[in-house]
file target-v7.cif (mmCIF, C-alpha atoms and all ligand atoms)
data_upload
#
loop_
_atom_site.label_atom_id
_atom_site.label_comp_id
_atom_site.auth_asym_id
_atom_site.auth_seq_id
_atom_site.Cartn_x
_atom_site.Cartn_y
_atom_site.Cartn_z
CA MET A 12 78.83 89.61 137.03
CA LEU A 13 82.10 87.73 137.63
CA THR A 14 85.13 89.54 138.99
CA VAL A 15 88.41 89.28 137.08
CA GLU A 16 89.71 86.86 139.70
CA GLU A 17 86.63 84.63 139.50
CA ALA A 18 86.84 84.64 135.70
CA LEU A 19 90.52 83.67 135.79
CA ASN A 20 89.78 80.86 138.26
CA ARG A 21 87.05 79.48 136.01
CA ILE A 22 89.34 79.60 132.98
CA VAL A 23 92.07 77.75 134.88
CA ALA A 24 89.59 75.17 136.20
CA GLU A 25 88.15 74.39 132.75
CA THR A 26 91.42 74.27 130.79
CA GLN A 27 93.75 71.27 130.69
CA PRO A 28 97.43 71.03 129.76
CA LEU A 29 98.08 69.53 126.31
CA GLU A 30 99.27 65.94 126.10
CA SER A 31 103.06 65.72 126.17
CA VAL A 32 105.16 64.75 123.13
CA MET A 33 108.80 63.91 122.38
CA ARG A 34 110.67 66.79 120.71
CA PRO A 35 114.26 67.28 119.55
CA LEU A 36 116.21 69.63 121.82
CA SER A 37 116.48 72.15 118.99
CA GLU A 38 112.68 72.60 119.09
CA ALA A 39 112.24 72.67 122.86
CA LEU A 40 113.15 76.25 123.77
CA GLY A 41 110.29 77.92 125.69
CA LEU A 42 108.37 74.66 126.20
CA VAL A 43 107.68 73.03 129.57
CA LEU A 44 109.44 69.76 130.41
CA ALA A 45 107.00 66.88 130.98
CA GLU A 46 109.42 64.35 132.54
CA ASP A 47 111.92 64.34 135.39
CA VAL A 48 115.36 64.27 133.79
CA VAL A 49 117.77 62.09 135.77
CA SER A 50 121.49 62.27 135.11
CA ASP A 51 123.00 59.04 133.79
CA CYS A 52 126.55 60.28 134.35
CA ASP A 53 128.78 62.28 136.65
CA SER A 54 129.76 65.80 135.65
CA PRO A 55 132.54 66.29 135.11
CA PRO A 56 132.94 62.64 134.03
CA PHE A 57 136.58 62.63 135.24
CA ASP A 58 138.79 64.86 137.42
CA LYS A 59 139.68 67.67 135.05
CA SER A 60 142.02 70.61 135.02
CA LEU A 61 140.41 74.06 135.37
CA MET A 62 143.60 75.84 134.26
CA ASP A 63 146.40 75.77 131.75
CA GLY A 64 149.44 74.97 133.94
CA PHE A 65 151.22 72.05 135.61
CA ALA A 66 149.75 69.00 137.29
CA ILE A 67 151.80 68.31 140.42
CA ARG A 68 151.86 66.53 143.77
CA CYS A 69 151.34 69.21 146.46
CA SER A 70 153.72 67.51 148.88
CA ASP A 71 156.54 68.08 146.35
CA VAL A 72 156.29 71.88 146.48
CA ARG A 73 158.09 73.07 149.61
CA GLY A 74 159.13 76.58 148.55
CA PRO A 75 159.84 78.85 145.60
CA GLU A 76 163.15 77.10 145.00
CA THR A 77 161.71 73.56 144.62
CA LEU A 78 162.42 72.34 141.10
CA LEU A 79 160.18 69.71 139.52
CA GLN A 80 161.01 67.85 136.35
CA ILE A 81 158.66 68.46 133.39
CA VAL A 82 157.75 64.98 132.14
CA GLY A 83 155.35 65.73 129.30
CA GLU A 84 152.26 67.55 128.13
CA LEU A 85 148.55 66.74 128.22
CA THR A 86 145.92 68.58 126.17
CA ALA A 87 142.12 68.31 126.49
CA GLY A 88 140.70 65.07 125.14
CA ARG A 89 143.84 63.07 126.06
CA VAL A 90 144.62 60.81 128.98
CA SER A 91 148.09 60.30 130.53
CA ASP A 92 149.50 56.79 130.03
CA ARG A 93 151.32 56.72 133.38
CA PRO A 94 150.91 58.08 136.90
CA LEU A 95 152.78 61.20 137.98
CA ALA A 96 155.69 60.28 140.23
CA SER A 97 157.17 62.33 143.05
CA GLY A 98 159.34 65.18 141.80
CA GLU A 99 157.53 65.39 138.48
CA ALA A 100 155.30 68.02 136.84
CA LEU A 101 153.13 67.46 133.78
CA ARG A 102 152.15 70.36 131.53
CA ILE A 103 148.34 70.25 131.41
CA MET A 104 145.69 72.26 129.53
CA THR A 105 142.20 73.24 130.70
CA GLY A 106 139.79 70.34 130.32
CA ALA A 107 142.46 67.61 130.28
CA THR A 108 142.18 64.61 132.63
CA ILE A 109 144.24 64.92 135.80
CA PRO A 110 146.85 62.11 135.75
CA GLN A 111 146.90 59.58 138.55
CA GLY A 112 149.15 60.68 141.40
CA ALA A 113 148.65 64.42 140.80
CA ASP A 114 146.52 66.30 143.33
CA ALA A 115 146.65 69.93 142.14
CA VAL A 116 147.26 72.15 139.13
CA VAL A 117 149.44 75.25 139.34
CA ARG A 118 148.45 77.78 136.71
CA ILE A 119 150.98 78.79 134.07
CA GLU A 120 151.07 82.37 135.42
CA ASP A 121 152.65 81.06 138.68
CA ALA A 122 155.26 78.88 136.96
CA VAL A 123 158.84 79.67 135.91
CA VAL A 124 160.23 77.19 133.39
CA ASP A 125 163.94 76.62 133.62
CA GLY A 126 165.10 74.22 130.87
CA PRO A 127 163.71 70.75 131.67
CA ASN A 128 162.48 71.92 135.10
CA VAL A 129 159.80 74.19 136.56
CA ARG A 130 159.48 76.08 139.85
CA PHE A 131 156.49 77.96 141.25
CA THR A 132 156.16 81.49 142.61
CA CYS A 133 152.88 80.95 144.41
CA GLY A 134 154.02 79.32 147.65
CA PRO A 135 152.49 76.12 149.06
CA VAL A 136 149.74 74.58 146.94
CA ALA A 137 146.49 73.26 148.47
CA VAL A 138 145.31 69.77 147.55
CA GLY A 139 142.63 69.98 144.84
CA LYS A 140 143.70 73.41 143.60
CA SER A 141 142.36 74.06 140.06
CA ILE A 142 140.89 70.57 139.80
CA PHE A 143 137.18 70.05 139.07
CA ARG A 144 136.51 66.69 140.71
CA GLN A 145 134.44 64.00 139.01
CA GLY A 146 130.74 64.42 139.94
CA GLU A 147 131.29 67.75 141.71
CA SER A 148 128.66 69.45 139.53
CA MET A 149 126.21 66.59 139.09
CA ARG A 150 126.05 62.95 140.17
CA ARG A 151 124.71 60.00 138.26
CA GLY A 152 121.14 59.23 139.46
CA GLU A 153 120.36 62.78 140.52
CA THR A 154 117.21 64.52 139.16
CA VAL A 155 118.76 67.55 137.51
CA VAL A 156 115.75 69.10 135.72
CA PRO A 157 112.30 68.36 137.21
CA ALA A 158 109.08 68.01 135.22
CA GLY A 159 107.26 71.32 134.96
CA ARG A 160 110.40 73.35 134.37
CA LEU A 161 110.34 75.90 131.56
CA LEU A 162 113.15 75.06 129.14
CA ARG A 163 115.54 77.98 128.81
CA PRO A 164 118.99 77.97 127.21
CA GLN A 165 120.60 76.76 130.46
CA GLU A 166 118.27 73.75 130.80
CA LEU A 167 118.76 72.91 127.12
CA GLY A 168 122.53 73.08 127.53
CA LEU A 169 122.40 70.70 130.48
CA LEU A 170 120.14 68.27 128.61
CA ALA A 171 122.62 68.38 125.74
CA GLU A 172 125.46 67.58 128.17
CA LEU A 173 123.44 64.51 129.22
CA GLY A 174 123.07 63.43 125.62
CA ARG A 175 119.28 63.88 125.66
CA ALA A 176 118.77 64.55 121.94
CA THR A 177 114.98 64.40 122.46
CA VAL A 178 112.89 65.29 125.51
CA ARG A 179 109.29 64.95 126.61
CA VAL A 180 107.60 68.35 126.60
CA VAL A 181 104.18 69.98 126.59
CA PRO A 182 103.75 71.08 122.97
CA THR A 183 103.05 74.57 121.67
CA PRO A 184 99.29 75.33 121.70
CA ARG A 185 97.77 75.58 118.21
CA VAL A 186 95.48 78.60 118.16
CA ALA A 187 93.07 79.83 115.48
CA VAL A 188 92.12 83.51 115.23
CA LEU A 189 88.80 84.49 113.66
CA ALA A 190 87.72 88.11 113.18
CA THR A 191 84.00 88.80 112.81
CA GLY A 192 82.23 91.85 111.43
CA ASP A 193 80.50 93.10 108.28
CA GLU A 194 82.53 96.31 108.52
CA LEU A 195 85.94 94.65 108.28
CA VAL A 196 88.23 94.55 105.26
CA PRO A 197 91.63 92.80 105.06
CA VAL A 198 94.66 94.85 106.05
CA ASP A 199 95.90 95.25 102.47
CA GLN A 200 92.61 96.75 101.24
CA THR A 201 91.24 100.28 101.33
CA PRO A 202 88.10 100.54 103.50
CA GLY A 203 84.95 101.84 101.77
CA PRO A 204 82.35 104.03 103.53
CA GLY A 205 81.65 102.73 107.04
CA GLN A 206 84.39 100.09 106.81
CA ILE A 207 87.60 99.62 108.80
CA ARG A 208 90.61 97.35 108.46
CA ASN A 209 90.77 94.11 110.44
CA SER A 210 93.50 95.21 112.82
CA ASN A 211 92.56 92.84 115.64
CA GLU A 212 93.68 89.77 113.73
CA THR A 213 97.23 91.08 113.35
CA MET A 214 97.33 92.24 116.96
CA LEU A 215 95.98 89.00 118.43
CA ARG A 216 98.27 86.93 116.22
CA ALA A 217 101.21 88.90 117.54
CA GLN A 218 100.13 88.57 121.18
CA LEU A 219 99.63 84.83 120.82
CA GLY A 220 102.80 84.40 118.79
CA ARG A 221 104.80 86.19 121.43
CA ALA A 222 103.33 83.80 124.01
CA GLY A 223 104.78 80.91 122.02
CA CYS A 224 101.58 79.74 120.27
CA ASP A 225 101.40 78.29 116.81
CA VAL A 226 98.84 80.73 115.34
CA HIS A 227 96.57 80.23 112.31
CA SER A 228 94.30 82.88 110.79
CA LEU A 229 90.78 82.00 109.71
CA GLY A 230 90.23 85.41 108.10
CA ILE A 231 87.06 87.44 108.49
CA ALA A 232 83.58 85.98 109.00
CA ARG A 233 80.64 88.20 108.09
CA ASP A 234 77.92 88.79 110.67
CA ASN A 235 75.64 86.00 109.49
CA GLU A 236 75.08 82.65 111.16
CA GLN A 237 76.03 80.45 108.20
CA GLU A 238 79.38 82.06 107.56
CA LEU A 239 80.14 82.30 111.26
CA GLU A 240 79.20 78.68 111.92
CA ALA A 241 81.37 77.38 109.08
CA ALA A 242 84.37 79.37 110.31
CA ILE A 243 83.82 78.35 113.95
CA ARG A 244 83.69 74.67 112.99
CA LYS A 245 87.09 75.05 111.34
CA GLY A 246 88.38 76.83 114.42
CA LEU A 247 87.23 74.01 116.71
CA GLU A 248 89.90 71.77 115.18
CA PHE A 249 92.57 73.79 117.03
CA ASP A 250 93.49 73.64 120.72
CA MET A 251 92.11 77.14 121.08
CA LEU A 252 89.90 79.45 119.04
CA CYS A 253 89.96 83.23 119.58
CA LEU A 254 87.16 85.21 117.99
CA SER A 255 87.12 88.97 117.89
CA GLY A 256 83.86 90.93 117.84
CA GLY A 257 80.21 89.95 118.01
CA VAL A 258 79.94 89.19 121.75
CA SER A 259 78.18 92.36 122.93
CA MET A 260 74.49 93.34 122.96
CA GLY A 261 74.21 94.52 119.35
CA LYS A 262 71.73 93.21 116.80
CA LEU A 263 74.42 91.33 114.87
CA ASP A 264 76.42 90.06 117.85
CA LEU A 265 75.86 86.44 116.88
CA VAL A 266 78.95 84.80 118.34
CA PRO A 267 77.59 83.35 121.65
CA ALA A 268 74.50 81.84 119.99
CA THR A 269 76.49 80.40 117.08
CA LEU A 270 79.10 78.90 119.42
CA ALA A 271 76.26 77.27 121.39
CA LYS A 272 74.88 75.86 118.14
CA CYS A 273 78.30 74.33 117.43
CA GLY A 274 78.25 72.55 120.82
CA VAL A 275 80.52 74.92 122.71
CA ARG A 276 79.60 75.12 126.42
CA GLU A 277 79.58 78.63 127.86
CA VAL A 278 81.74 78.98 130.98
CA LEU A 279 81.52 82.72 131.35
CA HIS A 280 80.07 85.75 129.56
CA LYS A 281 80.81 89.26 130.82
CA VAL A 282 83.37 90.13 133.45
CA PHE A 283 83.29 93.12 135.76
CA LEU A 284 86.21 95.08 134.27
CA LYS A 285 87.07 97.85 131.85
CA PRO A 286 87.92 97.57 129.05
CA GLY A 287 86.60 94.16 128.01
CA LYS A 288 83.34 93.61 129.88
CA PRO A 289 81.61 91.56 127.11
CA VAL A 290 84.35 88.87 127.04
CA TRP A 291 83.10 85.31 126.53
CA PHE A 292 84.78 81.96 127.30
CA GLY A 293 83.64 78.40 126.71
CA VAL A 294 84.91 74.88 126.12
CA TYR A 295 84.23 72.19 123.53
CA ASP A 296 84.85 68.45 124.01
CA PRO A 297 85.04 66.87 120.55
CA PRO A 298 84.11 63.19 120.02
CA THR A 299 87.84 62.43 119.87
CA GLY A 300 90.79 64.52 120.93
CA PRO A 301 91.42 66.95 123.75
CA ARG A 302 89.16 69.73 125.02
CA ARG A 303 89.22 72.99 123.05
CA CYS A 304 89.11 76.48 124.62
CA ILE A 305 87.11 79.20 122.91
CA PHE A 306 87.33 82.91 123.61
CA GLY A 307 84.97 85.53 122.24
CA LEU A 308 86.86 88.80 122.63
CA PRO A 309 85.12 92.17 122.35
CA GLY A 310 85.78 93.85 118.99
CA ASN A 311 87.07 97.14 120.34
CA PRO A 312 90.82 96.83 119.87
CA VAL A 313 91.95 97.78 123.38
CA SER A 314 89.30 95.52 124.92
CA SER A 315 90.46 92.69 122.69
CA MET A 316 94.08 93.29 123.57
CA VAL A 317 93.51 93.56 127.34
CA CYS A 318 91.27 90.48 127.41
CA CYS A 319 93.89 88.56 125.45
CA GLU A 320 96.58 89.56 127.95
CA LEU A 321 94.47 88.72 131.01
CA PHE A 322 92.28 85.80 130.01
CA VAL A 323 93.56 84.20 126.80
CA GLN A 324 97.19 84.17 127.97
CA THR A 325 96.08 82.51 131.21
CA ALA A 326 94.50 79.67 129.22
CA VAL A 327 97.58 79.50 126.98
CA ARG A 328 99.78 79.04 130.05
CA VAL A 329 97.53 76.21 131.32
CA LEU A 330 97.62 74.51 127.89
CA ALA A 331 101.40 74.86 127.76
CA GLY A 332 101.88 73.58 131.33
CA ARG A 333 103.26 76.85 132.64
CA THR A 334 102.92 77.99 136.24
CA PRO A 335 101.46 80.07 137.69
CA PRO A 336 98.84 80.41 134.96
CA GLN A 337 97.32 83.65 136.28
CA PRO A 338 98.87 86.99 135.33
CA VAL A 339 101.25 88.30 137.98
CA ALA A 340 101.08 91.96 139.05
CA VAL A 341 104.17 93.87 140.11
CA PRO A 342 104.06 96.84 142.49
CA ALA A 343 105.06 100.26 141.15
CA ARG A 344 104.66 103.85 142.28
CA LEU A 345 102.63 106.41 140.36
CA ALA A 346 104.97 108.98 138.80
CA VAL A 347 102.19 111.58 138.68
CA PRO A 348 98.92 112.20 140.58
CA HIS A 349 95.99 110.39 139.03
CA SER A 350 92.28 110.85 139.35
CA HIS A 351 90.22 107.68 138.84
CA ARG A 352 86.44 107.50 138.75
CA ASP A 353 84.74 104.39 137.39
CA ASP A 354 82.11 101.94 138.57
CA ARG A 355 84.24 99.08 137.19
CA PRO A 356 87.80 98.00 138.04
CA THR A 357 89.89 99.39 135.20
CA PHE A 358 93.12 98.39 133.48
CA ILE A 359 94.72 101.63 132.34
CA PRO A 360 97.41 101.71 129.64
CA ALA A 361 100.56 103.13 131.19
CA PHE A 362 104.29 103.55 130.80
CA LEU A 363 106.41 101.63 133.31
CA GLU A 364 110.08 102.47 133.80
CA THR A 365 112.82 101.27 136.11
CA THR A 366 114.44 104.11 138.02
CA ALA A 367 117.01 104.40 140.82
CA ASN A 368 113.98 104.83 143.12
CA GLY A 369 112.32 101.62 141.91
CA PRO A 370 109.61 101.04 139.29
CA LEU A 371 107.62 104.16 138.35
CA VAL A 372 104.47 104.12 136.26
CA THR A 373 102.70 106.92 134.36
CA PRO A 374 99.20 106.54 132.86
CA VAL A 375 99.18 107.45 129.15
CA ALA A 376 96.55 109.70 127.60
CA TRP A 377 93.81 107.25 126.62
CA LYS A 378 90.32 107.70 125.22
CA GLY A 379 88.93 104.28 126.03
CA SER A 380 88.51 100.85 124.51
CA ALA A 381 88.56 102.00 120.86
CA ASP A 382 91.75 104.05 121.28
CA LEU A 383 94.35 101.60 120.01
CA ARG A 384 96.77 104.38 119.11
CA ALA A 385 97.24 105.25 122.80
CA THR A 386 98.54 101.75 123.53
CA VAL A 387 101.59 102.40 121.38
CA ASN A 388 102.84 104.70 124.17
CA ALA A 389 102.18 102.06 126.84
CA ASN A 390 104.12 99.03 128.06
CA ALA A 391 102.01 98.24 131.13
CA LEU A 392 98.50 98.18 132.52
CA ILE A 393 97.72 99.76 135.88
CA PHE A 394 94.96 98.07 137.83
CA MET A 395 92.61 100.63 139.41
CA PRO A 396 89.86 99.30 141.71
CA ALA A 397 86.28 100.46 141.10
CA GLY A 398 85.16 103.72 142.66
CA ALA A 399 86.29 107.32 142.76
CA ARG A 400 89.66 108.18 144.23
CA GLU A 401 92.39 110.79 143.92
CA TYR A 402 95.79 109.11 143.83
CA ASP A 403 98.84 111.13 144.90
CA ALA A 404 102.11 110.77 143.05
CA GLY A 405 104.09 108.03 144.79
CA THR A 406 101.04 105.88 145.58
CA LYS A 407 101.75 102.16 145.19
CA VAL A 408 99.66 100.51 142.47
CA ASP A 409 99.48 97.04 140.90
CA VAL A 410 100.91 96.91 137.39
CA TYR A 411 100.98 94.24 134.69
CA ASN A 412 103.70 94.21 132.06
CA TRP A 413 102.15 94.49 128.64
P1 LIG B 1 81.79 94.38 118.20
O1 LIG B 1 82.41 93.77 119.42
O2 LIG B 1 81.69 93.41 117.08
O3 LIG B 1 80.49 95.02 118.54
O4 LIG B 1 82.76 95.52 117.73
C1 LIG B 1 83.05 96.60 118.58
C2 LIG B 1 83.91 97.62 117.86
O5 LIG B 1 85.14 97.03 117.51
C3 LIG B 1 83.31 98.13 116.57
O6 LIG B 1 83.62 99.51 116.44
C4 LIG B 1 84.02 97.33 115.52
O7 LIG B 1 84.04 97.95 114.27
C5 LIG B 1 85.37 97.17 116.11
N1 LIG B 1 86.02 95.94 115.62
C6 LIG B 1 85.44 94.74 115.57
N2 LIG B 1 86.27 93.83 115.03
C7 LIG B 1 87.41 94.47 114.74
C8 LIG B 1 88.65 94.08 114.16
N3 LIG B 1 88.85 92.81 113.77
N4 LIG B 1 89.61 95.00 114.01
C9 LIG B 1 89.39 96.28 114.40
N5 LIG B 1 88.24 96.72 114.95
C10 LIG B 1 87.25 95.83 115.12
MG MG B 2 80.79 93.24 115.28
#
call {"tool": "encode", "arguments": {"input": "target-v7.cif", "output": "structure tokens", "more": "lines below"}}
Ligand code: AMP
Ligand code: MG
result
Amino acid sequence: MLTVEEALNRIVAETQPLESVMRPLSEALGLVLAEDVVSDCDSPPFDKSLMDGFAIRCSDVRGPETLLQIVGELTAGRVSDRPLASGEALRIMTGATIPQGADAVVRIEDAVVDGPNVRFTCGPVAVGKSIFRQGESMRRGETVVPAGRLLRPQELGLLAELGRATVRVVPTPRVAVLATGDELVPVDQTPGPGQIRNSNETMLRAQLGRAGCDVHSLGIARDNEQELEAAIRKGLEFDMLCLSGGVSMGKLDLVPATLAKCGVREVLHKVFLKPGKPVWFGVYDPPTGPRRCIFGLPGNPVSSMVCCELFVQTAVRVLAGRTPPQPVAVPARLAVPHSHRDDRPTFIPAFLETTANGPLVTPVAWKGSADLRATVNANALIFMPAGAREYDAGTKVDVYNW
């Protein structure tokens, strides 16, 4: 059986980033840039004042008694119509263009206005004081945001400064979610004898939505080949299809065989972990259009949720061009002793908190893969290697945010 690492590597190897598209800046938050953005201008575009104060020539200011003549006022968005001459000071506001001849700005707090004149209490002034020079932040021709960069508010602000109203990005993956099982009823219905509500659909939708996917529900397919096949064929129109249930060893676990019938190639079935061992992954290459990724997640809610976090999110990151695609563990110390005994590596729901002594993690009471309720007390998964071991409080463990 594949290890988690081998499974992740196979998923990464078989998944391809989506083809890039042009998008308005207002729709690009959280997407990955698919072009190098080169600045076509200097920033700032002109020498500008960083303070409200007086533009002066430094050589004019010899001491606190030097009086300069106030020759006018310049607010942001305006340009002086003549150079500043020796002995002159020009009132200037933050953002205004430094007039020719001036080489510093003295802030208003250091100025004493005396009728038509001004003197300064700050002593000698250094050349360039309170001036943001043209191109100091960014030069024309420089690559300022490289391809592959995740677009956050700061990148978007910079692209806006450059006048890039649209940018080339990797689009949001379109994902279909399909729940399977004769026992399932929709969330707004009351289950009859032996039935349960379809909670996985809501949970998976939320996990995928939080990862930035455009999620579509295909409802519930009953455990029969015809219904399953029809729903799967619809799901294969999306970049990714996530099924829940029907991948184990039960009599009505029809998902792998039905996917095969629909032309989906199996890449992996079963991974050596807990919860989530029955997980299934395959790919489908339609006659036209990009490759689709298909996950068959085990029906038990915690298995479904853990497999979505580990495996599905990895494929989502590849589709969306994000790096690294694999989940990243952070080290934390156990807050309490913990006894672990399992023949499989296990991801244990836990509560992770930041303390003055660094990250501390506490396993939550958990009754296994069907115990969804326990996950409400958890915000992390602790990775415990296979085997039997007593862990002391303070032991360093690998943790995944959840
Ligand atoms: P399966 O993987 O289909 O054998 O299902 C394993 C367990 O998960 C069974 O107890 C199912 O009733 C339960 N289950 C399957 N699908 C869902 C779902 N969509 N929501 C909640 N529980 C489910
Ligand atoms: Mg089932």
call {"tool": "residues_near_ligand", "arguments": {"input": "target-v7.cif", "ligand": "ligand MG 2 (chain B)", "cutoff": "12 Å", "atoms": "only C-alpha atoms and all ligand atoms", "output": "JSON, numbers by chain"}}
result
{"A": [189, 190, 191, 192, 193, 194, 195, 206, 207, 209, 211, 231, 232, 233, 234, 235, 239, 254, 255, 256, 257, 258, 259, 260, 261, 262, 263, 264, 265, 266, 289, 307, 308, 309, 310, 311, 312]}
call {"tool": "closest_residue", "arguments": {"input": "target-v7.cif", "among": "A:Val198, A:Ile243, A:Val32, A:Ala340", "to": "ligand LIG 1 (chain B)", "atoms": "all atoms listed in the file"}}
result
A:Val198
call {"tool": "closest_residue", "arguments": {"input": "target-v7.cif", "among": "A:Leu330, A:Ala271, A:Val43, A:Val186", "to": "A:Gly220", "atoms": "only C-alpha atoms"}}
result
A:Val186
call {"tool": "residues_around", "arguments": {"input": "target-v7.cif", "residues": "A:Asp125", "least_positions_apart": "5", "cutoff": "12 Å", "atoms": "all atoms listed in the file", "output": "list of chain:residue names"}}
result
A:Glu76, A:Thr77, A:Leu78, A:Leu79, A:Gln80, A:Ile81, A:Arg130, A:Phe131
call {"tool": "residues_around", "arguments": {"input": "target-v7.cif", "residues": "A:Arg333", "least_positions_apart": "2", "cutoff": "8 Å", "atoms": "only C-alpha atoms", "output": "list in words"}}
result
Val43, Gly159, Leu161, Arg328, Val329, Leu330, Ala331, Pro335 and Pro336 of chain A
call {"tool": "atom_distance", "arguments": {"input": "target-v7.cif", "atom1": "atom CA of A:Gln145", "atom2": "atom CA of A:Ala96"}}
result
21.6 Å
call {"tool": "axis_aligned_box", "arguments": {"input": "target-v7.cif", "around": "stretch 15-27 of chain A", "padding_each_side": "8 Å", "output": "JSON"}}
result
{"center_x": 90.2, "center_y": 80.3, "center_z": 135.2, "size_x": 23.1, "size_y": 34.0, "size_z": 25.0}
call {"tool": "decode", "arguments": {"input": "target-v7.cif", "residues": "stretch 137-191 of chain A", "atoms": "C-alpha atoms", "output": "mmCIF file, in the first residue's frame"}}
result
data_model
loop_
_atom_site.group_PDB
_atom_site.id
_atom_site.type_symbol
_atom_site.label_atom_id
_atom_site.label_comp_id
_atom_site.auth_asym_id
_atom_site.auth_seq_id
_atom_site.Cartn_x
_atom_site.Cartn_y
_atom_site.Cartn_z
ATOM 1 C CA ALA A 137 20.651 67.288 4.680
ATOM 2 C CA VAL A 138 20.243 67.181 0.905
ATOM 3 C CA GLY A 139 17.295 64.946 -0.021
ATOM 4 C CA LYS A 140 15.576 65.263 3.355
ATOM 5 C CA SER A 141 11.872 64.309 3.098
ATOM 6 C CA ILE A 142 12.082 63.833 -0.663
ATOM 7 C CA PHE A 143 11.099 60.519 -2.278
ATOM 8 C CA ARG A 144 13.233 60.504 -5.429
ATOM 9 C CA GLN A 145 11.846 59.448 -8.799
ATOM 10 C CA GLY A 146 12.318 55.676 -9.273
ATOM 11 C CA GLU A 147 13.519 55.099 -5.710
ATOM 12 C CA SER A 148 10.836 52.459 -5.130
ATOM 13 C CA MET A 149 10.666 50.904 -8.583
ATOM 14 C CA ARG A 150 12.353 51.526 -11.934
ATOM 15 C CA ARG A 151 10.867 51.273 -15.380
ATOM 16 C CA GLY A 152 11.831 47.884 -16.917
ATOM 17 C CA GLU A 153 12.171 46.084 -13.602
ATOM 18 C CA THR A 154 10.232 42.816 -13.012
ATOM 19 C CA VAL A 155 8.226 43.756 -9.944
ATOM 20 C CA VAL A 156 5.913 40.729 -9.552
ATOM 21 C CA PRO A 157 7.164 37.409 -10.984
ATOM 22 C CA ALA A 158 4.966 34.706 -12.493
ATOM 23 C CA GLY A 159 3.950 32.150 -9.880
ATOM 24 C CA ARG A 160 3.320 34.721 -7.176
ATOM 25 C CA LEU A 161 0.113 34.408 -5.163
ATOM 26 C CA LEU A 162 -1.833 37.650 -5.545
ATOM 27 C CA ARG A 163 -2.448 39.242 -2.152
ATOM 28 C CA PRO A 164 -3.675 42.764 -1.445
ATOM 29 C CA GLN A 165 -0.121 44.159 -1.692
ATOM 30 C CA GLU A 166 0.517 42.653 -5.142
ATOM 31 C CA LEU A 167 -2.892 43.847 -6.340
ATOM 32 C CA GLY A 168 -2.159 47.358 -5.076
ATOM 33 C CA LEU A 169 1.140 47.419 -6.956
ATOM 34 C CA LEU A 170 -0.486 46.142 -10.156
ATOM 35 C CA ALA A 171 -3.077 48.893 -9.784
ATOM 36 C CA GLU A 172 -0.275 51.466 -9.410
ATOM 37 C CA LEU A 173 1.093 50.175 -12.732
ATOM 38 C CA GLY A 174 -2.281 50.602 -14.382
ATOM 39 C CA ARG A 175 -2.687 46.862 -14.992
ATOM 40 C CA ALA A 176 -6.495 46.720 -15.027
ATOM 41 C CA THR A 177 -6.330 43.060 -16.129
ATOM 42 C CA VAL A 178 -3.701 40.401 -15.420
ATOM 43 C CA ARG A 179 -2.914 36.887 -16.575
ATOM 44 C CA VAL A 180 -3.682 34.406 -13.808
ATOM 45 C CA VAL A 181 -4.310 30.719 -13.206
ATOM 46 C CA PRO A 182 -8.096 30.540 -12.792
ATOM 47 C CA THR A 183 -10.050 29.163 -9.853
ATOM 48 C CA PRO A 184 -10.515 25.372 -10.160
ATOM 49 C CA ARG A 185 -14.125 24.335 -10.839
ATOM 50 C CA VAL A 186 -14.931 21.388 -8.605
ATOM 51 C CA ALA A 187 -18.010 19.149 -8.480
ATOM 52 C CA VAL A 188 -18.993 17.331 -5.281
ATOM 53 C CA LEU A 189 -21.025 14.122 -5.483
ATOM 54 C CA ALA A 190 -22.239 12.242 -2.410
ATOM 55 C CA THR A 191 -23.082 8.559 -2.831
#
